[in-house]
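> So here's run19.txt, just compact mmCIF, N, CA and C atoms:
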# COMPACT_ATOMS: atom_id res chain seq x y z
N MET A 194 43.54 -17.95 -17.93
CA MET A 194 44.69 -18.38 -17.16
C MET A 194 45.08 -19.79 -17.60
N THR A 195 46.34 -20.01 -17.86
CA THR A 195 46.83 -21.33 -18.26
C THR A 195 47.35 -22.07 -17.03
N THR A 196 47.42 -23.37 -17.14
CA THR A 196 47.89 -24.19 -16.04
C THR A 196 49.12 -24.96 -16.47
N GLY A 197 49.97 -25.29 -15.52
CA GLY A 197 51.15 -26.10 -15.80
C GLY A 197 50.84 -27.59 -15.66
N LEU A 198 49.62 -27.91 -15.26
CA LEU A 198 49.23 -29.30 -15.06
C LEU A 198 49.06 -29.98 -16.41
N THR A 199 49.82 -31.05 -16.63
CA THR A 199 49.77 -31.77 -17.92
C THR A 199 49.29 -33.21 -17.77
N ALA A 200 49.13 -33.68 -16.54
CA ALA A 200 48.66 -35.04 -16.28
C ALA A 200 47.94 -35.05 -14.93
N ALA A 201 47.11 -36.05 -14.73
CA ALA A 201 46.44 -36.19 -13.44
C ALA A 201 47.48 -36.29 -12.33
N ARG A 202 47.19 -35.66 -11.21
CA ARG A 202 48.17 -35.59 -10.12
C ARG A 202 47.44 -35.58 -8.78
N TRP A 203 47.99 -36.26 -7.78
CA TRP A 203 47.46 -36.23 -6.43
C TRP A 203 47.82 -34.87 -5.84
N THR A 204 46.82 -34.08 -5.43
CA THR A 204 47.07 -32.71 -5.00
C THR A 204 46.74 -32.39 -3.56
N HIS A 205 45.83 -33.16 -2.93
CA HIS A 205 45.44 -32.79 -1.57
C HIS A 205 44.73 -33.92 -0.83
N VAL A 206 44.67 -33.74 0.48
CA VAL A 206 43.84 -34.53 1.38
C VAL A 206 43.00 -33.50 2.12
N ALA A 207 41.69 -33.76 2.26
CA ALA A 207 40.80 -32.82 2.94
C ALA A 207 40.23 -33.46 4.20
N LEU A 208 40.24 -32.69 5.28
CA LEU A 208 39.71 -33.15 6.56
C LEU A 208 38.78 -32.09 7.13
N PRO A 209 37.69 -32.52 7.76
CA PRO A 209 36.82 -31.56 8.42
C PRO A 209 37.40 -31.16 9.78
N THR A 210 37.05 -29.98 10.24
CA THR A 210 37.46 -29.53 11.57
C THR A 210 36.33 -28.73 12.20
N GLY A 211 36.19 -28.85 13.50
CA GLY A 211 35.18 -28.09 14.22
C GLY A 211 35.66 -26.71 14.64
N ASP A 212 36.98 -26.48 14.58
CA ASP A 212 37.55 -25.19 14.97
C ASP A 212 38.75 -24.90 14.06
N LEU A 213 38.50 -24.17 12.99
CA LEU A 213 39.54 -23.94 11.98
C LEU A 213 40.75 -23.21 12.56
N ASP A 214 40.54 -22.18 13.35
CA ASP A 214 41.68 -21.43 13.88
C ASP A 214 42.54 -22.29 14.82
N LYS A 215 41.90 -23.10 15.63
CA LYS A 215 42.65 -24.00 16.53
C LYS A 215 43.43 -25.02 15.71
N ALA A 216 42.82 -25.55 14.65
CA ALA A 216 43.51 -26.51 13.79
C ALA A 216 44.69 -25.85 13.06
N ILE A 217 44.50 -24.65 12.56
CA ILE A 217 45.60 -23.93 11.89
C ILE A 217 46.75 -23.73 12.86
N ASP A 218 46.44 -23.32 14.08
CA ASP A 218 47.48 -23.11 15.09
C ASP A 218 48.25 -24.40 15.36
N PHE A 219 47.54 -25.53 15.49
CA PHE A 219 48.18 -26.82 15.70
C PHE A 219 49.14 -27.14 14.56
N TYR A 220 48.66 -27.11 13.33
CA TYR A 220 49.49 -27.52 12.20
C TYR A 220 50.65 -26.57 11.93
N THR A 221 50.46 -25.28 12.14
CA THR A 221 51.55 -24.34 11.87
C THR A 221 52.55 -24.26 13.01
N SER A 222 52.20 -24.78 14.19
CA SER A 222 53.17 -24.75 15.29
C SER A 222 53.84 -26.10 15.54
N LEU A 223 53.18 -27.23 15.18
CA LEU A 223 53.76 -28.54 15.46
C LEU A 223 54.15 -29.33 14.22
N THR A 224 53.92 -28.78 13.04
CA THR A 224 54.35 -29.43 11.80
C THR A 224 55.01 -28.37 10.91
N PRO A 225 55.64 -28.77 9.81
CA PRO A 225 56.28 -27.79 8.93
C PRO A 225 55.29 -27.07 8.01
N LEU A 226 54.00 -27.32 8.16
CA LEU A 226 53.02 -26.74 7.24
C LEU A 226 52.76 -25.27 7.53
N VAL A 227 52.52 -24.53 6.45
CA VAL A 227 52.18 -23.11 6.52
C VAL A 227 50.89 -22.87 5.74
N VAL A 228 50.24 -21.77 6.03
CA VAL A 228 49.01 -21.41 5.33
C VAL A 228 49.36 -20.94 3.92
N VAL A 229 48.69 -21.56 2.93
CA VAL A 229 48.83 -21.15 1.53
C VAL A 229 47.71 -20.18 1.18
N GLU A 230 46.47 -20.57 1.46
CA GLU A 230 45.29 -19.74 1.17
C GLU A 230 44.20 -20.04 2.20
N ARG A 231 43.34 -19.04 2.42
CA ARG A 231 42.13 -19.22 3.23
C ARG A 231 40.94 -18.83 2.39
N PHE A 232 39.82 -19.52 2.60
CA PHE A 232 38.60 -19.28 1.84
C PHE A 232 37.42 -19.22 2.79
N LYS A 233 36.37 -18.47 2.38
CA LYS A 233 35.16 -18.39 3.20
C LYS A 233 33.98 -18.21 2.28
N ASP A 234 32.86 -18.91 2.60
CA ASP A 234 31.62 -18.72 1.87
C ASP A 234 30.47 -18.89 2.86
N ASP A 235 29.26 -18.93 2.39
CA ASP A 235 28.10 -19.02 3.27
C ASP A 235 28.04 -20.32 4.06
N ALA A 236 28.67 -21.40 3.56
CA ALA A 236 28.63 -22.70 4.24
C ALA A 236 29.69 -22.83 5.32
N GLY A 237 30.76 -22.01 5.26
CA GLY A 237 31.83 -22.11 6.24
C GLY A 237 33.12 -21.56 5.70
N GLU A 238 34.23 -22.13 6.17
CA GLU A 238 35.54 -21.65 5.74
C GLU A 238 36.52 -22.80 5.65
N SER A 239 37.61 -22.55 4.93
CA SER A 239 38.63 -23.57 4.77
C SER A 239 40.00 -22.94 4.64
N VAL A 240 41.01 -23.80 4.71
CA VAL A 240 42.39 -23.36 4.57
C VAL A 240 43.15 -24.43 3.81
N TRP A 241 44.13 -24.01 3.03
CA TRP A 241 45.08 -24.91 2.39
C TRP A 241 46.40 -24.76 3.12
N LEU A 242 46.98 -25.88 3.56
CA LEU A 242 48.28 -25.89 4.23
C LEU A 242 49.25 -26.73 3.40
N SER A 243 50.51 -26.30 3.34
CA SER A 243 51.52 -27.05 2.59
C SER A 243 52.89 -26.75 3.17
N ASN A 244 53.89 -27.50 2.70
CA ASN A 244 55.26 -27.14 3.04
C ASN A 244 55.54 -25.77 2.44
N ASP A 245 56.30 -24.96 3.15
CA ASP A 245 56.61 -23.61 2.69
C ASP A 245 57.26 -23.63 1.30
N ARG A 246 56.66 -22.94 0.38
CA ARG A 246 57.17 -22.75 -0.99
C ARG A 246 57.32 -24.06 -1.77
N GLN A 247 56.49 -25.02 -1.50
CA GLN A 247 56.53 -26.31 -2.21
C GLN A 247 55.88 -26.13 -3.58
N ALA A 248 56.60 -25.50 -4.48
CA ALA A 248 56.06 -25.16 -5.79
C ALA A 248 56.29 -26.26 -6.83
N GLU A 249 57.35 -27.01 -6.71
CA GLU A 249 57.68 -28.03 -7.72
C GLU A 249 56.66 -29.16 -7.75
N THR A 250 56.23 -29.62 -6.58
CA THR A 250 55.25 -30.70 -6.49
C THR A 250 54.18 -30.30 -5.46
N PRO A 251 53.31 -29.36 -5.81
CA PRO A 251 52.32 -28.87 -4.84
C PRO A 251 51.43 -29.99 -4.29
N PHE A 252 51.30 -30.01 -2.99
CA PHE A 252 50.40 -30.93 -2.30
C PHE A 252 49.92 -30.20 -1.05
N VAL A 253 48.61 -30.21 -0.82
CA VAL A 253 48.09 -29.46 0.31
C VAL A 253 47.19 -30.32 1.20
N LEU A 254 47.16 -29.94 2.46
CA LEU A 254 46.18 -30.44 3.42
C LEU A 254 45.09 -29.39 3.46
N VAL A 255 43.88 -29.78 3.12
CA VAL A 255 42.74 -28.87 3.15
C VAL A 255 41.97 -29.14 4.44
N LEU A 256 41.79 -28.12 5.24
CA LEU A 256 40.97 -28.22 6.44
C LEU A 256 39.70 -27.42 6.19
N VAL A 257 38.55 -28.05 6.41
CA VAL A 257 37.27 -27.43 6.12
C VAL A 257 36.43 -27.37 7.38
N SER A 258 35.92 -26.19 7.69
CA SER A 258 35.05 -26.00 8.84
C SER A 258 33.69 -25.52 8.33
N PHE A 259 32.71 -26.44 8.33
CA PHE A 259 31.36 -26.07 7.94
C PHE A 259 30.66 -25.42 9.13
N ASN A 260 29.89 -24.36 8.86
CA ASN A 260 29.19 -23.64 9.94
C ASN A 260 28.36 -24.59 10.80
N LYS A 261 27.70 -25.56 10.18
CA LYS A 261 26.82 -26.48 10.92
C LYS A 261 27.59 -27.38 11.89
N ASP A 262 28.91 -27.53 11.70
CA ASP A 262 29.73 -28.41 12.53
C ASP A 262 30.63 -27.68 13.51
N LYS A 263 30.52 -26.35 13.59
CA LYS A 263 31.42 -25.58 14.46
C LYS A 263 31.35 -26.09 15.89
N GLY A 264 32.52 -26.27 16.49
CA GLY A 264 32.62 -26.71 17.87
C GLY A 264 32.66 -28.22 18.05
N ALA A 265 32.34 -28.98 17.01
CA ALA A 265 32.36 -30.45 17.12
C ALA A 265 33.79 -30.96 16.92
N GLN A 266 34.08 -32.14 17.43
CA GLN A 266 35.37 -32.79 17.19
C GLN A 266 35.12 -33.77 16.04
N LEU A 267 35.74 -33.53 14.89
CA LEU A 267 35.40 -34.23 13.66
C LEU A 267 36.51 -35.14 13.14
N GLY A 268 37.41 -35.58 13.97
CA GLY A 268 38.53 -36.39 13.52
C GLY A 268 38.11 -37.67 12.82
N LEU A 269 38.77 -37.97 11.72
CA LEU A 269 38.52 -39.17 10.93
C LEU A 269 39.71 -40.12 10.94
N LEU A 270 40.89 -39.59 11.20
CA LEU A 270 42.12 -40.39 11.11
C LEU A 270 42.53 -40.87 12.50
N HIS A 271 42.04 -42.03 12.88
CA HIS A 271 42.37 -42.64 14.16
C HIS A 271 41.84 -44.06 14.15
N PRO A 272 42.18 -44.98 14.92
CA PRO A 272 43.27 -44.91 15.88
C PRO A 272 44.64 -45.06 15.21
N PHE A 273 44.69 -45.69 14.03
CA PHE A 273 45.97 -45.86 13.34
C PHE A 273 46.06 -45.01 12.07
N ALA A 274 44.96 -44.80 11.36
CA ALA A 274 44.99 -44.00 10.14
C ALA A 274 45.66 -42.66 10.47
N HIS A 275 46.53 -42.19 9.59
CA HIS A 275 47.28 -40.98 9.93
C HIS A 275 47.85 -40.28 8.69
N ILE A 276 48.27 -39.07 8.93
CA ILE A 276 49.06 -38.30 7.96
C ILE A 276 50.50 -38.41 8.42
N GLY A 277 51.42 -38.69 7.50
CA GLY A 277 52.83 -38.85 7.86
C GLY A 277 53.66 -37.66 7.46
N ILE A 278 54.50 -37.22 8.36
CA ILE A 278 55.45 -36.13 8.10
C ILE A 278 56.83 -36.64 8.50
N GLU A 279 57.77 -36.57 7.55
CA GLU A 279 59.13 -37.05 7.79
C GLU A 279 60.02 -35.87 8.15
N VAL A 280 60.86 -36.05 9.16
CA VAL A 280 61.79 -35.00 9.60
C VAL A 280 63.22 -35.46 9.38
N PRO A 281 64.14 -34.51 9.18
CA PRO A 281 65.51 -34.90 8.82
C PRO A 281 66.35 -35.47 9.96
N GLU A 282 66.07 -35.13 11.21
CA GLU A 282 66.90 -35.56 12.33
C GLU A 282 66.08 -36.33 13.37
N ARG A 283 66.69 -37.32 13.98
CA ARG A 283 66.04 -38.07 15.07
C ARG A 283 65.60 -37.13 16.19
N SER A 284 66.45 -36.16 16.49
CA SER A 284 66.15 -35.21 17.57
C SER A 284 64.90 -34.38 17.25
N ASP A 285 64.57 -34.22 15.96
CA ASP A 285 63.35 -33.49 15.59
C ASP A 285 62.12 -34.22 16.12
N VAL A 286 62.12 -35.55 16.05
CA VAL A 286 61.01 -36.34 16.58
C VAL A 286 60.87 -36.09 18.08
N ASP A 287 62.00 -36.15 18.80
CA ASP A 287 61.97 -35.94 20.25
C ASP A 287 61.50 -34.54 20.62
N GLU A 288 61.97 -33.54 19.88
CA GLU A 288 61.59 -32.15 20.17
C GLU A 288 60.10 -31.92 19.91
N LEU A 289 59.58 -32.45 18.80
CA LEU A 289 58.15 -32.30 18.52
C LEU A 289 57.30 -33.07 19.52
N ALA A 290 57.77 -34.24 19.92
CA ALA A 290 57.04 -35.02 20.92
C ALA A 290 56.98 -34.26 22.24
N GLU A 291 58.06 -33.64 22.64
CA GLU A 291 58.08 -32.88 23.88
C GLU A 291 57.12 -31.69 23.82
N ARG A 292 57.14 -30.96 22.70
CA ARG A 292 56.21 -29.83 22.55
C ARG A 292 54.76 -30.32 22.57
N ALA A 293 54.49 -31.42 21.87
CA ALA A 293 53.13 -31.97 21.83
C ALA A 293 52.71 -32.47 23.21
N ARG A 294 53.64 -33.08 23.95
CA ARG A 294 53.34 -33.57 25.30
C ARG A 294 52.91 -32.39 26.17
N GLU A 295 53.64 -31.28 26.09
CA GLU A 295 53.32 -30.08 26.87
C GLU A 295 51.94 -29.53 26.51
N LEU A 296 51.53 -29.69 25.24
CA LEU A 296 50.24 -29.18 24.78
C LEU A 296 49.12 -30.21 24.92
N GLY A 297 49.45 -31.39 25.44
CA GLY A 297 48.45 -32.44 25.58
C GLY A 297 48.05 -33.06 24.25
N SER A 298 48.94 -32.99 23.25
CA SER A 298 48.66 -33.49 21.91
C SER A 298 49.46 -34.72 21.52
N LEU A 299 50.27 -35.27 22.43
CA LEU A 299 51.08 -36.45 22.07
C LEU A 299 50.20 -37.70 22.10
N HIS A 300 50.22 -38.45 21.01
CA HIS A 300 49.39 -39.65 20.87
C HIS A 300 50.22 -40.93 21.06
N TRP A 301 51.40 -41.00 20.44
CA TRP A 301 52.33 -42.12 20.61
C TRP A 301 53.66 -41.55 21.07
N GLU A 302 54.20 -42.10 22.12
CA GLU A 302 55.54 -41.70 22.57
C GLU A 302 56.55 -42.07 21.49
N PRO A 303 57.68 -41.36 21.41
CA PRO A 303 58.72 -41.72 20.44
C PRO A 303 59.18 -43.16 20.64
N ARG A 304 59.40 -43.85 19.51
CA ARG A 304 59.82 -45.25 19.57
C ARG A 304 60.50 -45.65 18.27
N ASP A 305 61.43 -46.58 18.38
CA ASP A 305 62.06 -47.18 17.21
C ASP A 305 61.16 -48.31 16.73
N MET A 306 60.92 -48.36 15.43
CA MET A 306 60.11 -49.40 14.82
C MET A 306 60.94 -50.10 13.75
N PRO A 307 60.58 -51.34 13.38
CA PRO A 307 61.32 -52.06 12.34
C PRO A 307 61.24 -51.32 10.99
N ASP A 308 62.21 -51.59 10.12
CA ASP A 308 62.18 -51.03 8.77
C ASP A 308 60.88 -51.42 8.09
N PRO A 309 60.30 -50.57 7.32
CA PRO A 309 60.80 -49.27 6.92
C PRO A 309 60.29 -48.12 7.79
N VAL A 310 59.68 -48.40 8.93
CA VAL A 310 58.99 -47.36 9.71
C VAL A 310 59.95 -46.35 10.31
N GLY A 311 61.05 -46.79 10.94
CA GLY A 311 62.01 -45.85 11.51
C GLY A 311 61.66 -45.42 12.92
N TYR A 312 62.09 -44.22 13.29
CA TYR A 312 61.87 -43.65 14.62
C TYR A 312 60.66 -42.74 14.51
N ILE A 313 59.64 -42.98 15.31
CA ILE A 313 58.38 -42.26 15.15
C ILE A 313 57.80 -41.80 16.49
N CYS A 314 56.90 -40.85 16.38
CA CYS A 314 55.95 -40.51 17.42
C CYS A 314 54.69 -40.07 16.68
N ALA A 315 53.62 -39.83 17.40
CA ALA A 315 52.41 -39.34 16.75
C ALA A 315 51.75 -38.28 17.62
N LEU A 316 51.13 -37.34 16.96
CA LEU A 316 50.42 -36.25 17.60
C LEU A 316 48.94 -36.40 17.28
N LYS A 317 48.10 -35.76 18.06
CA LYS A 317 46.67 -35.68 17.74
C LYS A 317 46.32 -34.22 17.53
N ASP A 318 45.70 -33.92 16.38
CA ASP A 318 45.27 -32.55 16.13
C ASP A 318 44.02 -32.25 16.97
N PRO A 319 43.52 -31.02 16.97
CA PRO A 319 42.38 -30.67 17.82
C PRO A 319 41.12 -31.50 17.54
N ASP A 320 41.01 -32.11 16.37
CA ASP A 320 39.85 -32.94 16.04
C ASP A 320 40.09 -34.42 16.32
N GLY A 321 41.30 -34.77 16.78
CA GLY A 321 41.62 -36.16 17.09
C GLY A 321 42.29 -36.92 15.97
N ASN A 322 42.61 -36.26 14.85
CA ASN A 322 43.32 -36.91 13.75
C ASN A 322 44.76 -37.19 14.17
N VAL A 323 45.29 -38.33 13.74
CA VAL A 323 46.64 -38.74 14.09
C VAL A 323 47.62 -38.23 13.03
N ILE A 324 48.69 -37.59 13.50
CA ILE A 324 49.76 -37.09 12.64
C ILE A 324 51.05 -37.77 13.08
N GLU A 325 51.59 -38.64 12.21
CA GLU A 325 52.83 -39.35 12.53
C GLU A 325 54.02 -38.50 12.14
N ILE A 326 54.98 -38.41 13.04
CA ILE A 326 56.25 -37.74 12.78
C ILE A 326 57.31 -38.83 12.74
N SER A 327 58.04 -38.92 11.63
CA SER A 327 59.02 -40.01 11.49
C SER A 327 60.39 -39.49 11.09
N HIS A 328 61.40 -40.24 11.51
CA HIS A 328 62.77 -40.03 11.06
C HIS A 328 63.30 -41.37 10.56
N ASN A 329 63.98 -41.33 9.44
CA ASN A 329 64.61 -42.50 8.86
C ASN A 329 63.59 -43.49 8.29
N GLN A 330 62.41 -42.99 7.95
CA GLN A 330 61.42 -43.83 7.29
C GLN A 330 61.74 -43.92 5.80
N LYS A 331 62.42 -42.91 5.31
CA LYS A 331 62.98 -42.86 3.96
C LYS A 331 61.95 -42.83 2.83
N VAL A 332 60.74 -42.36 3.11
CA VAL A 332 59.76 -42.22 2.04
C VAL A 332 60.29 -41.23 1.00
N PHE A 333 60.74 -40.08 1.46
CA PHE A 333 61.26 -39.04 0.57
C PHE A 333 62.42 -39.57 -0.26
N ASP A 334 63.43 -40.15 0.40
CA ASP A 334 64.61 -40.64 -0.31
C ASP A 334 64.30 -41.81 -1.23
N THR A 335 63.42 -42.71 -0.83
CA THR A 335 63.08 -43.88 -1.64
C THR A 335 62.39 -43.47 -2.93
N VAL A 336 61.43 -42.57 -2.84
CA VAL A 336 60.72 -42.12 -4.05
C VAL A 336 61.68 -41.36 -4.97
N ARG A 337 62.51 -40.49 -4.41
CA ARG A 337 63.46 -39.74 -5.24
C ARG A 337 64.47 -40.68 -5.90
N ALA A 338 64.93 -41.71 -5.19
CA ALA A 338 65.88 -42.67 -5.76
C ALA A 338 65.22 -43.47 -6.88
N LYS A 339 63.97 -43.80 -6.72
CA LYS A 339 63.28 -44.61 -7.71
C LYS A 339 62.97 -43.79 -8.98
N TRP A 340 62.51 -42.56 -8.81
CA TRP A 340 62.03 -41.76 -9.94
C TRP A 340 62.85 -40.53 -10.24
N GLY A 341 63.97 -40.35 -9.60
CA GLY A 341 64.80 -39.17 -9.85
C GLY A 341 64.42 -38.04 -8.91
N ASP A 342 65.28 -37.06 -8.86
CA ASP A 342 65.06 -35.97 -7.90
C ASP A 342 64.22 -34.84 -8.47
N GLY A 343 63.75 -34.97 -9.71
CA GLY A 343 62.88 -33.95 -10.28
C GLY A 343 63.63 -32.76 -10.86
N SER A 344 64.96 -32.76 -10.78
CA SER A 344 65.68 -31.60 -11.31
C SER A 344 66.10 -31.82 -12.75
Produce structure tokens that represent the structure in this file.

Amino acid sequence: MTTGLTAARWTHVALPTGDLDKAIDFYTSLTPLVVVERFKDDAGESVWLSNDRQAETPFVLVLVSFNKDKGAQLGLLHPFAHIGIEVPERSDVDELAERARELGSLHWEPRDMPDPVGYICALKDPDGNVIEISHNQKVFDTVRAKWGDGS
């Protein structure tokens, strides 16, 4: 099998979880991530999550549940360390915050922050990891403007 990889590339971030199914449900219902692949071996199981059909620049969140850690809360990204997800509309932040509030997963209420942060809120996944949801942070647009749109 040949690969299209021609240079070193940042491909994933991996986090442990004590309950893989609960973590998958959190990420697939409160973020734009979808399941790419699931794996299982004698030590435990894992999942790769990514933006749907993100084939041009693949990047995945790997969640790993080791059998020895099942049921534990294994969050590493807190109180400020976080994964950032940018949304296209300000109202998207408010809608996700409301859904997370109902689920008991809201970590930071929506707020306007100085540039370049934008309008943000944060969620906590089942392991306590912080997931920032931002609008107008312009990470996507800034990188594309600097290096081209990849087309």
> Quick one: residues within 5 Å of stretch 238-246 of chain A, all atoms listed in the file counted, chain neighbours fewer than 6 positions away excluded, as a PyMOL selection string?
chain A and resi 225-232+253-258
> Distance atom C of A:Arg202-atom C of A:Glu249, one decimal place?
11.3 Å
> Smallest atom-to-atom distance to A:Gly237: which of A:Gly197, A:Asn260, A:Thr224, A:Thr250, using all atoms listed in the file?
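Selected residue with least distance to A:Gly237: A:Asn260.
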> How many Å lie between atom CA of A:Asp214 and atom CA of A:Asp318, rounded to one decimal?
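Atom CA of A:Asp214 sits 11.9 Å away from atom CA of A:Asp318.
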> Report, as AutoDock Vina command-line options, the axis-aligned box around all atoms of stretch 264-274 of chain A present in the file, extended by 6 Å on each side; give centre and edge lengths in Å to one decimal place.

--center_x 39.2 --center_y -36.1 --center_z 14.1 --size_x 25.7 --size_y 31.6 --size_z 19.9
> Give me, please, the distance in Å between atom C of A:Pro209 and atom C of A:Asn322, quoted to one decimal.
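Distance between the two atoms: 10.5 Å.
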> I need the residues of stretch 246-323 of chain A that end up classed as strand (DSSP E or B) by DSSP on the backbone, written out as a list of chain:residue names.
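Matching residues for strand (DSSP E or B) in stretch 246-323 of chain A are A:Val253, A:Leu254, A:Val255, A:Leu256, A:Val257, A:Ser258, A:Phe259, A:His275, A:Ile276, A:Gly277, A:Ile278, A:Glu279, A:Leu299, A:His300, A:Trp301, A:Glu302, A:Pro303, A:Arg304, A:Asp305, A:Met306, A:Gly311, A:Tyr312, A:Ile313, A:Cys314, A:Ala315, A:Leu316, A:Lys317, A:Val323.
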> Find the residue from A:Ala248, A:His300, A:Cys314, A:Glu279 that sits nearest to A:Phe333; use all atoms listed in the file when measuring.
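Among the listed residues, the smallest separation from A:Phe333 belongs to A:Glu279.
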